[in-house]
$ cat run.cif   # mmCIF, C-alpha atoms
data_input
loop_
_atom_site.label_atom_id
_atom_site.label_comp_id
_atom_site.auth_asym_id
_atom_site.auth_seq_id
_atom_site.Cartn_x
_atom_site.Cartn_y
_atom_site.Cartn_z
CA MET J 1 -8.28 17.63 -0.86
CA SER J 2 -5.36 18.18 -3.23
CA PRO J 3 -2.41 15.76 -3.11
CA GLU J 4 -0.17 18.33 -1.44
CA GLN J 5 -2.70 18.68 1.40
CA LYS J 6 -2.93 14.96 2.01
CA PRO J 7 -1.84 14.11 5.56
CA GLN J 8 1.68 12.73 5.72
CA PRO J 9 3.39 10.58 8.34
CA VAL J 10 4.86 12.55 11.21
CA ASP J 11 8.52 13.51 10.78
CA PRO J 12 10.45 11.04 13.01
CA SER J 13 12.90 13.74 14.12
CA LYS J 14 10.00 15.81 15.43
CA LEU J 15 8.61 12.82 17.29
CA SER J 16 12.02 12.36 18.81
CA THR J 17 11.95 16.01 19.93
CA ILE J 18 8.53 15.42 21.51
CA ASN J 19 9.88 12.39 23.40
CA SER J 20 12.78 14.49 24.75
CA LEU J 21 10.37 17.27 25.67
CA ILE J 22 8.14 14.90 27.65
CA LEU J 23 11.21 13.69 29.52
CA GLN J 24 12.24 17.27 30.41
CA LEU J 25 8.73 18.17 31.53
CA SER J 26 8.48 15.02 33.65
CA MET J 27 11.71 15.99 35.40
CA ILE J 28 10.22 19.40 36.17
CA LEU J 29 7.15 17.69 37.64
CA SER J 30 9.30 15.38 39.71
CA ASP J 31 11.21 18.34 41.19
CA LEU J 32 8.02 20.31 41.80
CA LEU J 33 6.69 17.34 43.76
CA THR J 34 9.90 17.33 45.80
CA ALA J 35 9.41 21.04 46.49
CA ALA J 36 5.76 20.45 47.50
CA ARG J 37 6.78 17.69 49.91
CA ALA J 38 9.30 20.02 51.55
CA THR J 39 6.78 22.67 52.59
CA THR J 40 3.54 23.00 54.55
CA ASP J 41 3.09 26.66 53.63
CA SER J 42 -0.35 26.73 52.02
CA THR J 43 0.40 29.78 49.87
CA LYS J 44 3.51 28.17 48.43
CA LEU J 45 1.67 24.88 47.96
CA VAL J 46 -1.07 26.60 45.97
CA GLN J 47 1.59 28.20 43.77
CA ILE J 48 3.51 24.95 43.31
CA ASN J 49 0.25 23.19 42.50
CA ASN J 50 -0.53 25.82 39.85
CA GLU J 51 2.87 25.35 38.27
CA TYR J 52 2.47 21.58 38.42
CA MET J 53 -0.89 21.72 36.69
CA GLY J 54 0.53 24.06 34.05
CA ILE J 55 3.40 21.68 33.27
CA GLN J 56 1.04 18.69 33.39
CA SER J 57 -1.08 20.39 30.70
CA CYS J 58 2.04 20.76 28.56
CA VAL J 59 2.84 17.07 29.06
CA ASN J 60 -0.66 16.13 27.97
CA MET J 61 -0.40 18.32 24.87
CA ALA J 62 2.94 16.71 24.06
CA ALA J 63 1.37 13.27 24.59
CA GLN J 64 -1.36 14.19 22.10
CA ALA J 65 1.33 15.15 19.57
CA GLN J 66 3.10 11.88 20.29
CA ALA J 67 -0.07 9.92 19.54
CA ALA J 68 -0.90 11.91 16.37
CA GLU J 69 -1.69 9.71 13.39
CA ASN J 70 -0.39 12.18 10.81
CA ASP J 71 1.37 15.52 10.39
CA VAL J 72 -1.88 17.52 10.35
CA LEU J 73 -2.90 16.25 13.79
CA PHE J 74 0.68 16.56 14.97
CA ASN J 75 0.85 20.21 13.90
CA GLN J 76 -2.45 20.93 15.65
CA ALA J 77 -1.14 19.46 18.88
CA THR J 78 2.22 21.24 18.66
CA SER J 79 0.54 24.58 17.89
CA ALA J 80 -1.16 24.35 21.27
CA LEU J 81 2.16 23.44 22.81
CA LYS J 82 3.97 26.38 21.20
CA ALA J 83 1.31 28.69 22.62
CA GLN J 84 2.39 27.52 26.08
CA ALA J 85 5.98 28.68 25.55
CA LYS J 86 5.27 32.08 27.10
CA VAL J 87 3.70 30.41 30.13
CA LEU J 88 6.84 28.32 30.52
CA GLU J 89 9.06 31.41 30.26
CA ASP J 90 7.09 33.09 33.04
CA MET J 91 7.30 29.93 35.07
CA GLU J 92 11.08 30.09 35.07
CA THR J 93 10.93 33.38 37.01
CA GLN J 94 8.05 32.25 39.19
CA VAL J 95 9.74 29.03 40.29
CA LYS J 96 12.71 30.95 41.68
CA LYS J 97 10.32 32.99 43.84
CA ILE J 98 8.28 30.06 45.13
CA ILE J 99 10.97 27.49 45.83
CA SER J 100 13.33 28.43 48.65
CA ASP J 101 15.82 25.66 47.86
CA ALA J 102 18.04 27.56 45.41
CA ALA J 103 19.64 24.43 43.98
CA LEU J 104 16.26 22.83 43.28
CA ALA J 105 14.84 26.02 41.80
CA GLY J 106 17.94 26.38 39.61
CA ARG J 107 17.61 22.83 38.37
CA ILE J 108 13.95 23.34 37.48
CA ALA J 109 14.82 26.58 35.68
CA GLY J 110 17.43 24.63 33.71
CA TYR J 111 14.86 22.03 32.68
CA ILE J 112 12.49 24.81 31.61
CA VAL J 113 15.18 26.38 29.41
CA GLN J 114 15.82 23.00 27.79
CA ALA J 115 12.08 22.40 27.32
CA LEU J 116 11.73 25.80 25.65
CA ALA J 117 14.62 24.98 23.31
CA LEU J 118 12.88 21.74 22.35
CA ILE J 119 9.54 23.48 21.74
CA ALA J 120 11.36 25.94 19.48
CA LYS J 121 12.55 23.01 17.36
CA LEU J 122 9.01 21.77 16.68
CA MET W 1 37.80 -46.79 40.53
CA ASN W 2 39.19 -48.98 37.76
CA ARG W 3 39.67 -47.79 34.23
CA LEU W 4 36.57 -49.61 32.94
CA SER W 5 34.19 -48.01 35.40
CA TYR W 6 35.85 -44.61 34.75
CA ILE W 7 35.23 -44.94 31.00
CA PHE W 8 31.70 -46.16 31.71
CA GLY W 9 31.14 -43.13 33.93
CA ILE W 10 32.26 -40.73 31.22
CA ALA W 11 30.13 -42.50 28.65
CA LEU W 12 27.11 -42.29 30.93
CA THR W 13 27.68 -38.58 31.49
CA VAL W 14 27.98 -37.97 27.76
CA LEU W 15 24.81 -39.94 27.14
CA THR W 16 22.94 -38.03 29.85
CA LEU W 17 24.03 -34.66 28.50
CA SER W 18 23.18 -35.77 25.02
CA ALA W 19 19.73 -36.81 26.18
CA CYS W 20 19.23 -33.39 27.77
CA ALA W 21 20.33 -31.66 24.61
CA THR W 22 17.81 -33.51 22.54
CA ALA W 23 15.08 -33.98 25.13
CA PRO W 24 12.24 -36.07 23.79
CA LEU W 25 8.99 -34.28 23.05
CA SER W 26 7.25 -35.84 26.03
CA GLN W 27 9.76 -34.24 28.42
CA ILE W 28 9.47 -30.79 26.94
CA GLN W 29 5.67 -30.69 26.63
CA ASP W 30 4.97 -29.75 30.21
CA PRO W 31 7.54 -26.91 30.49
CA ILE W 32 6.48 -25.49 27.12
CA SER W 33 2.85 -25.65 28.22
CA HIS W 34 3.82 -23.75 31.37
CA PHE W 35 5.67 -21.17 29.25
CA ASP W 36 2.54 -20.73 27.14
CA GLN W 37 0.30 -20.33 30.17
CA ALA W 38 2.69 -17.88 31.84
CA THR W 39 2.95 -15.83 28.64
CA HIS W 40 -0.85 -15.50 28.58
CA THR W 41 -0.65 -14.21 32.17
CA ALA W 42 2.06 -11.73 31.16
CA ALA W 43 -0.23 -10.45 28.40
CA ASN W 44 -2.98 -9.90 30.98
CA SER W 45 -0.46 -8.05 33.16
CA GLU W 46 0.53 -5.74 30.29
CA SER W 47 -3.13 -5.02 29.65
CA ALA W 48 -3.69 -4.34 33.38
CA PHE W 49 -0.72 -1.96 33.40
CA LEU W 50 -1.99 0.02 30.41
CA ASN W 51 -5.47 0.23 31.92
CA ALA W 52 -3.93 1.39 35.20
CA VAL W 53 -2.12 4.20 33.37
CA GLN W 54 -5.46 5.33 31.96
CA THR W 55 -7.23 4.96 35.31
CA VAL W 56 -4.70 7.08 37.18
CA ASP W 57 -4.82 9.68 34.40
CA CYS W 58 -8.61 9.93 34.77
CA GLU W 59 -8.33 10.07 38.57
CA ALA W 60 -5.82 12.92 38.34
CA GLN W 61 -8.12 14.78 35.95
CA PHE W 62 -11.00 14.33 38.38
CA TYR W 63 -9.03 15.66 41.36
CA LYS W 64 -7.76 18.55 39.29
CA THR W 65 -11.27 19.65 38.34
CA ALA W 66 -12.56 19.12 41.88
CA TYR W 67 -9.67 21.21 43.22
CA GLU W 68 -10.24 24.00 40.72
CA TYR W 69 -13.95 24.02 41.49
CA SER W 70 -13.35 24.07 45.25
CA LEU W 71 -11.11 27.12 44.88
CA GLN W 72 -13.57 28.76 42.50
CA LYS W 73 -10.49 29.69 40.52
CA LYS W 74 -12.33 29.85 37.26
CA LYS W 75 -15.66 28.81 35.90
CA SER W 76 -14.75 25.19 36.30
CA ASN W 77 -17.04 22.21 36.69
CA PHE W 78 -16.58 18.66 37.88
CA ASP W 79 -17.88 15.26 36.84
CA LEU W 80 -18.84 12.73 39.47
CA THR W 81 -19.45 9.89 37.02
CA GLY W 82 -15.82 8.97 36.46
CA TYR W 83 -16.02 9.30 32.68
CA CYS W 84 -13.02 11.08 31.22
CA LYS W 85 -11.16 11.76 28.03
CA PRO W 86 -7.79 10.06 28.54
CA GLU W 87 -4.86 12.38 27.92
CA VAL W 88 -1.89 10.18 28.79
CA ILE W 89 -2.77 7.09 26.77
CA THR W 90 -5.58 6.72 24.28
CA SER W 91 -7.62 3.56 23.79
CA GLU W 92 -6.00 3.20 20.34
CA GLN W 93 -2.54 3.27 21.92
CA ILE W 94 -3.61 0.60 24.41
CA ASP W 95 -4.96 -1.48 21.53
CA THR W 96 -1.67 -1.33 19.61
CA ARG W 97 0.36 -2.42 22.64
CA ASN W 98 -2.07 -5.23 23.40
CA LYS W 99 -1.64 -6.40 19.81
CA LEU W 100 2.12 -6.56 20.27
CA MET W 101 1.52 -8.65 23.37
CA SER W 102 -0.86 -10.83 21.31
CA ALA W 103 2.00 -11.50 18.92
CA ILE W 104 4.10 -12.82 21.81
CA VAL W 105 1.19 -14.96 23.03
CA LEU W 106 0.70 -16.26 19.50
CA TYR W 107 4.33 -17.33 19.46
CA ALA W 108 3.96 -19.15 22.79
CA ASP W 109 0.77 -20.85 21.54
CA LYS W 110 2.59 -22.01 18.43
CA MET W 111 5.46 -23.36 20.52
CA GLN W 112 2.96 -25.34 22.55
CA ALA W 113 1.37 -26.66 19.35
CA LEU W 114 4.80 -27.73 18.11
CA ALA W 115 5.42 -29.51 21.41
CA THR W 116 2.30 -31.67 21.15
CA SER W 117 2.51 -35.28 20.05
CA ASP W 118 -0.22 -34.69 17.47
CA ASP W 119 0.64 -34.84 13.82
CA ASN W 120 -1.38 -31.69 13.28
CA LYS W 121 0.63 -28.86 14.77
CA GLN W 122 -1.46 -26.05 13.29
CA LEU W 123 -3.03 -23.42 15.48
CA ASP W 124 -6.81 -23.16 15.71
CA ALA W 125 -8.80 -20.95 13.34
CA ASN W 126 -9.00 -18.00 15.77
CA SER W 127 -5.25 -17.93 16.28
CA GLN W 128 -4.66 -18.19 12.54
CA THR W 129 -6.98 -15.24 11.97
CA LEU W 130 -5.11 -13.31 14.64
CA ALA W 131 -1.82 -14.13 12.92
CA GLU W 132 -3.19 -12.96 9.56
CA ASN W 133 -4.43 -9.72 11.13
CA LEU W 134 -1.11 -9.08 12.85
CA ASN W 135 0.69 -9.74 9.60
CA LYS W 136 -1.54 -7.25 7.79
CA LEU W 137 -1.14 -4.66 10.54
CA ALA W 138 2.65 -4.89 10.50
CA SER W 139 2.91 -5.04 6.71
CA SER W 140 0.75 -1.95 6.25
CA GLY W 141 2.71 0.22 8.70
CA GLY W 142 -0.14 0.11 11.20
CA ILE W 143 2.06 -0.18 14.27
CA LYS W 144 2.48 3.26 15.83
CA LEU W 145 4.88 3.59 18.73
CA LYS W 146 6.26 6.55 20.65
CA ASP W 147 9.76 5.95 19.35
CA PRO W 148 9.61 5.85 15.53
CA ALA W 149 13.15 4.47 15.34
CA ILE W 150 12.07 1.07 16.66
CA VAL W 151 8.91 0.64 14.57
CA GLN W 152 10.55 -1.03 11.58
CA GLY W 153 12.23 -3.67 13.72
CA VAL W 154 8.97 -4.37 15.52
CA GLU W 155 7.11 -4.75 12.21
CA THR W 156 9.70 -7.24 10.99
CA ALA W 157 9.45 -9.16 14.26
CA VAL W 158 5.64 -9.31 14.20
CA ILE W 159 5.67 -10.53 10.59
CA ALA W 160 8.21 -13.22 11.50
CA ILE W 161 6.05 -14.40 14.42
CA ALA W 162 2.91 -14.42 12.26
CA ASP W 163 4.71 -16.37 9.52
CA MET W 164 5.80 -18.95 12.07
CA ALA W 165 2.29 -19.18 13.52
CA LEU W 166 0.87 -19.75 10.04
CA ASP W 167 3.52 -22.37 9.17
CA ARG W 168 4.85 -20.21 6.36
CA VAL W 169 8.22 -20.74 7.99
CA LYS W 170 8.80 -24.16 9.54
CA TYR W 171 11.42 -25.29 11.98
CA SER W 172 12.79 -28.80 12.40
CA THR W 173 12.79 -28.67 16.22
CA ILE W 174 11.30 -26.61 19.02
CA ARG W 175 14.79 -25.57 19.97
CA SER W 176 15.64 -24.26 16.51
CA ALA W 177 12.32 -22.38 16.46
CA ALA W 178 13.17 -20.76 19.81
CA GLN W 179 16.65 -19.88 18.60
CA SER W 180 15.40 -18.32 15.37
CA MET W 181 12.61 -16.38 17.06
CA GLN W 182 14.70 -15.12 19.99
CA PRO W 183 15.84 -11.87 18.28
CA HIS W 184 12.27 -11.10 17.17
CA LEU W 185 10.88 -11.77 20.61
CA ASN W 186 13.60 -9.58 22.04
CA THR W 187 12.73 -6.73 19.66
CA VAL W 188 9.03 -6.74 20.58
CA VAL W 189 9.77 -7.00 24.31
CA THR W 190 12.35 -4.18 24.17
CA ALA W 191 9.82 -1.97 22.39
CA LEU W 192 7.10 -2.72 24.92
CA LYS W 193 9.45 -2.12 27.83
CA SER W 194 10.52 1.24 26.45
CA GLU W 195 6.87 2.23 25.97
CA ASN W 196 6.00 1.03 29.46
CA ILE W 197 8.71 3.20 31.02
CA GLY W 198 7.24 6.22 29.23
CA PHE W 199 3.73 5.41 30.40
CA GLY W 200 5.04 4.66 33.90
CA MET W 201 6.53 8.15 33.99
CA ALA W 202 3.21 9.60 32.88
CA MET W 203 1.47 7.63 35.61
CA ASN W 204 3.95 9.01 38.10
CA ASP W 205 3.15 12.55 36.92
CA SER W 206 -0.56 11.91 37.42
CA LEU W 207 0.07 10.53 40.91
CA GLY W 208 2.14 13.62 41.73
CA GLN W 209 -0.77 15.77 40.65
CA ILE W 210 -3.08 13.99 43.09
CA GLU W 211 -0.54 14.18 45.92
CA ILE W 212 0.18 17.91 45.54
CA THR W 213 -3.54 18.64 45.38
CA MET W 214 -4.12 16.77 48.64
CA ARG W 215 -1.19 18.49 50.36
CA THR W 216 -2.38 21.90 49.20
CA LEU W 217 -5.92 21.37 50.48
CA ILE W 218 -4.76 19.97 53.84
CA ALA W 219 -2.40 22.93 54.39
CA ASP W 220 -5.12 25.36 53.36
CA LEU W 221 -7.71 23.83 55.70
CA GLN W 222 -5.31 23.83 58.62
CA LYS W 223 -4.51 27.47 58.00
CA LYS W 224 -8.22 28.23 58.35
CA ASP W 225 -8.15 27.06 61.98
CA GLN W 226 -9.67 23.71 61.30
CA GLU W 227 -10.01 21.47 64.38
CA PRO W 228 -6.82 19.35 64.80
CA ILE W 229 -8.84 16.13 64.68
CA GLU W 230 -10.29 17.11 61.29
CA THR W 231 -6.83 17.82 59.90
CA PHE W 232 -5.61 14.53 61.30
CA PHE W 233 -8.34 12.58 59.52
CA ASP W 234 -7.86 14.59 56.34
CA ILE W 235 -4.24 13.45 56.34
CA ILE W 236 -5.26 9.81 56.99
CA ASN W 237 -7.83 9.91 54.18
CA SER W 238 -5.34 11.48 51.80
CA ARG W 239 -2.77 8.84 52.61
CA ASN W 240 -5.29 6.07 51.96
CA LEU W 241 -6.15 7.66 48.66
CA ILE W 242 -2.52 7.86 47.59
CA ILE W 243 -1.94 4.23 48.60
CA SER W 244 -4.97 3.12 46.61
CA ALA W 245 -3.68 4.92 43.52
CA ASP W 246 0.05 4.25 43.69
CA PRO W 247 1.23 0.78 42.69
CA LEU W 248 4.51 1.21 44.52
CA THR W 249 3.13 2.16 47.91
CA LYS W 250 0.86 -0.88 47.62
CA ARG W 251 3.88 -3.17 47.64
CA SER W 252 5.82 -1.69 50.46
CA LEU W 253 6.00 1.47 52.49
CA ALA W 254 9.38 0.55 53.90
CA LEU W 255 12.14 1.51 51.53
CA PRO W 256 15.85 0.94 52.06
CA ALA W 257 17.87 3.97 53.13
CA ASN W 258 18.59 6.53 50.40
CA THR W 259 15.98 5.06 48.07
CA PRO W 260 14.30 7.77 46.05
CA ILE W 261 10.68 7.83 47.24
CA ALA W 262 9.19 7.85 43.79
CA ASN W 263 11.35 6.65 40.97
CA PRO W 264 9.22 6.99 37.83
CA LEU W 265 11.06 4.09 36.24
CA ASP W 266 9.96 1.77 39.06
CA ILE W 267 6.27 2.05 38.20
CA ALA W 268 6.77 0.00 35.06
CA LYS W 269 9.28 -2.35 36.71
CA PRO W 270 6.90 -5.20 37.65
CA ILE W 271 5.54 -5.54 34.11
CA ASN W 272 8.95 -5.02 32.53
CA ASP W 273 10.42 -7.74 34.77
CA ALA W 274 7.69 -10.08 33.52
CA LEU W 275 8.49 -9.18 29.90
CA ASP W 276 12.17 -9.84 30.50
CA ALA W 277 11.19 -13.23 31.92
CA VAL W 278 9.41 -14.09 28.62
CA VAL W 279 12.69 -13.56 26.78
CA SER W 280 14.65 -15.48 29.42
CA CYS W 281 12.27 -18.42 29.22
CA ASN W 282 12.56 -18.54 25.46
CA GLN W 283 16.33 -18.36 25.88
CA ALA W 284 16.09 -21.42 28.13
CA ILE W 285 14.14 -23.26 25.43
CA ALA W 286 16.70 -22.22 22.83
CA ASN W 287 19.67 -23.21 24.95
CA PRO W 288 20.58 -26.90 24.55
CA LYS W 289 22.33 -26.96 27.95
CA THR W 290 19.23 -25.95 29.88
CA GLY W 291 17.17 -29.12 29.54
CA SER W 292 13.47 -29.35 30.42
CA GLY W 293 14.08 -28.54 34.12
CA GLY W 294 15.68 -25.21 33.22
CA ILE W 295 12.79 -24.36 30.93
CA TYR W 296 10.27 -25.19 33.63
CA ALA W 297 12.14 -23.03 36.18
CA ALA W 298 12.26 -20.12 33.74
CA ALA W 299 8.55 -20.53 32.95
CA GLU W 300 7.71 -20.60 36.66
CA ASP W 301 9.76 -17.41 37.19
CA LEU W 302 7.86 -15.79 34.32
CA PHE W 303 4.53 -16.91 35.75
CA LYS W 304 5.30 -15.53 39.23
CA ARG W 305 6.51 -12.18 37.88
CA ALA W 306 3.47 -11.88 35.64
CA ILE W 307 1.12 -12.60 38.55
CA VAL W 308 2.82 -9.99 40.77
CA ALA W 309 2.53 -7.38 38.00
CA LYS W 310 -1.10 -8.26 37.27
CA ASP W 311 -2.09 -8.02 40.93
CA ILE W 312 -0.40 -4.65 41.39
CA TYR W 313 -1.92 -3.00 38.34
CA ASN W 314 -5.34 -4.59 38.66
CA SER W 315 -5.64 -3.35 42.21
CA ILE W 316 -5.38 0.24 40.95
CA ALA W 317 -8.52 -0.08 38.90
CA SER W 318 -10.37 -2.05 41.58
CA ALA W 319 -9.51 0.56 44.24
CA LYS W 320 -11.66 3.11 42.45
#
$ encode --input "run.cif" --output "structure tokens"
Amino acid sequence: MSPEQKPQPVDPSKLSTINSLILQLSMILSDLLTAARATTDSTKLVQINNEYMGIQSCVNMAAQAQAAENDVLFNQATSALKAQAKVLEDMETQVKKIISDAALAGRIAGYIVQALALIAKL
Amino acid sequence: MNRLSYIFGIALTVLTLSACATAPLSQIQDPISHFDQATHTAANSESAFLNAVQTVDCEAQFYKTAYEYSLQKKKSNFDLTGYCKPEVITSEQIDTRNKLMSAIVLYADKMQALATSDDNKQLDANSQTLAENLNKLASSGGIKLKDPAIVQGVETAVIAIADMALDRVKYSTIRSAAQSMQPHLNTVVTALKSENIGFGMAMNDSLGQIEITMRTLIADLQKKDQEPIETFFDIINSRNLIISADPLTKRSLALPANTPIANPLDIAKPINDALDAVVSCNQAIANPKTGSGGIYAAAEDLFKRAIVAKDIYNSIASAK
């Protein structure tokens, strides 16, 4: 391995972005749980559950990036996360359809927009 | 009261306060020993918390795969053994945080050694090796935390604790040692607390995953004209499962009005309260006005908080 390919420490500003991203995603999860508790409609619950699992996967990917020992591992983890950006974009539309509480749905959509902005910074 | 007895009274008060301020070693031994013991318990509590985070993560993964399999959504499989690849916190991350807690324990051990009447106030060989290893870890940039901004301060603090433990830096009194080490102790505790809040949030996310899965399945089964009694027992079983996994519902199901049902920050509260109590107890040792009674009270508070935290988090793993 040439010196320029040697793994470097992770850029602290990017780690900071990951920390903010995890916070945003956790807030989405918290609101999705609130939405799930407010309904007994099985179809809606299945949909909310799907969204929850999708966001949870993103959180886990972000957690892997957070734990990365060097920039190579960090970039691997964030590549997977960036690939989820499209899923998150679709989720923004989907959430408005599933969740009848407009204020809650709007808040989740806002968190998604912020999460997407953070992913774009990685 | 005549003037003589008044002056005598003042003199006695001054002497008493002075005695408290420079409490003899024999008076301070017991409270410091209690501080040391309670700090060991706090370290066990931190370890129990981190293991609980991993346990709930693995449980959530299990329920997720079982749910996906039951719906035949995709070619999913499930594992009944309970083995899992942790996604929220790795074993290496647990190890690093336990090492930070070891540094705090090392400090408390050294304080106890300083409080003994023995001439030899050195720690035993194992503790000295631990101090050397912590020193090496911190000096080589081996401490990895979620927030990179706090790493440097934590490294400095760990080195300072190790140097004290190895007698590379000596203090004339226990009180001056406590005063000098207070900022370092505070730095390590603040870092651990911040990390714990993050892991507590992750644990909350995992618990939410389990809860939504249960709700979804119950609603789906009821829709399929399941007998009411079956639905009823499904709900009871799900509730028991949530209680066994959630450290907060273990403590109390009755919450004051307007309390958010699940505040992610609360999951780490028991362990973070115990960590705060470590700092408070050291503050009591460092504060000349406290006296040995104040130190003992602070150590007892630390011990009780650490026990509560340990019980809560240990019960998560044992419920599986």
$ closest_residue --input "run.cif" --among "W:Val308, W:Leu185, W:Met203, W:Leu123" --to "W:Asp273" --atoms "all atoms listed in the file"
W:Val308
$ interface_residues --input "run.cif" --of "chain J" --to "chain W" --cutoff "9 Å" --atoms "all atoms listed in the file" --output "PyMOL selection string"
chain J and resi 12-13+15-16+19+22-23+26+29-30+32-33+36-37+40-46+48-49+52-53+56+59-61+63-64+66-67+69
$ atom_distance --input "run.cif" --atom1 "atom CA of W:Asp95" --atom2 "atom CA of W:Leu130"
13.7 Å
$ resolve_selection --input "run.cif" --expression "the PyMOL selection byres ((chain J and resi 84) around 12)" --output "PyMOL selection string"
chain J and resi 54-62+77-83+85-91+112+115-116+119-120
$ closest_residue --input "run.cif" --among "W:Ser76, W:Ala286, W:Asp109, W:Ala138" --to "W:His40" --atoms "all atoms listed in the file"
W:Asp109
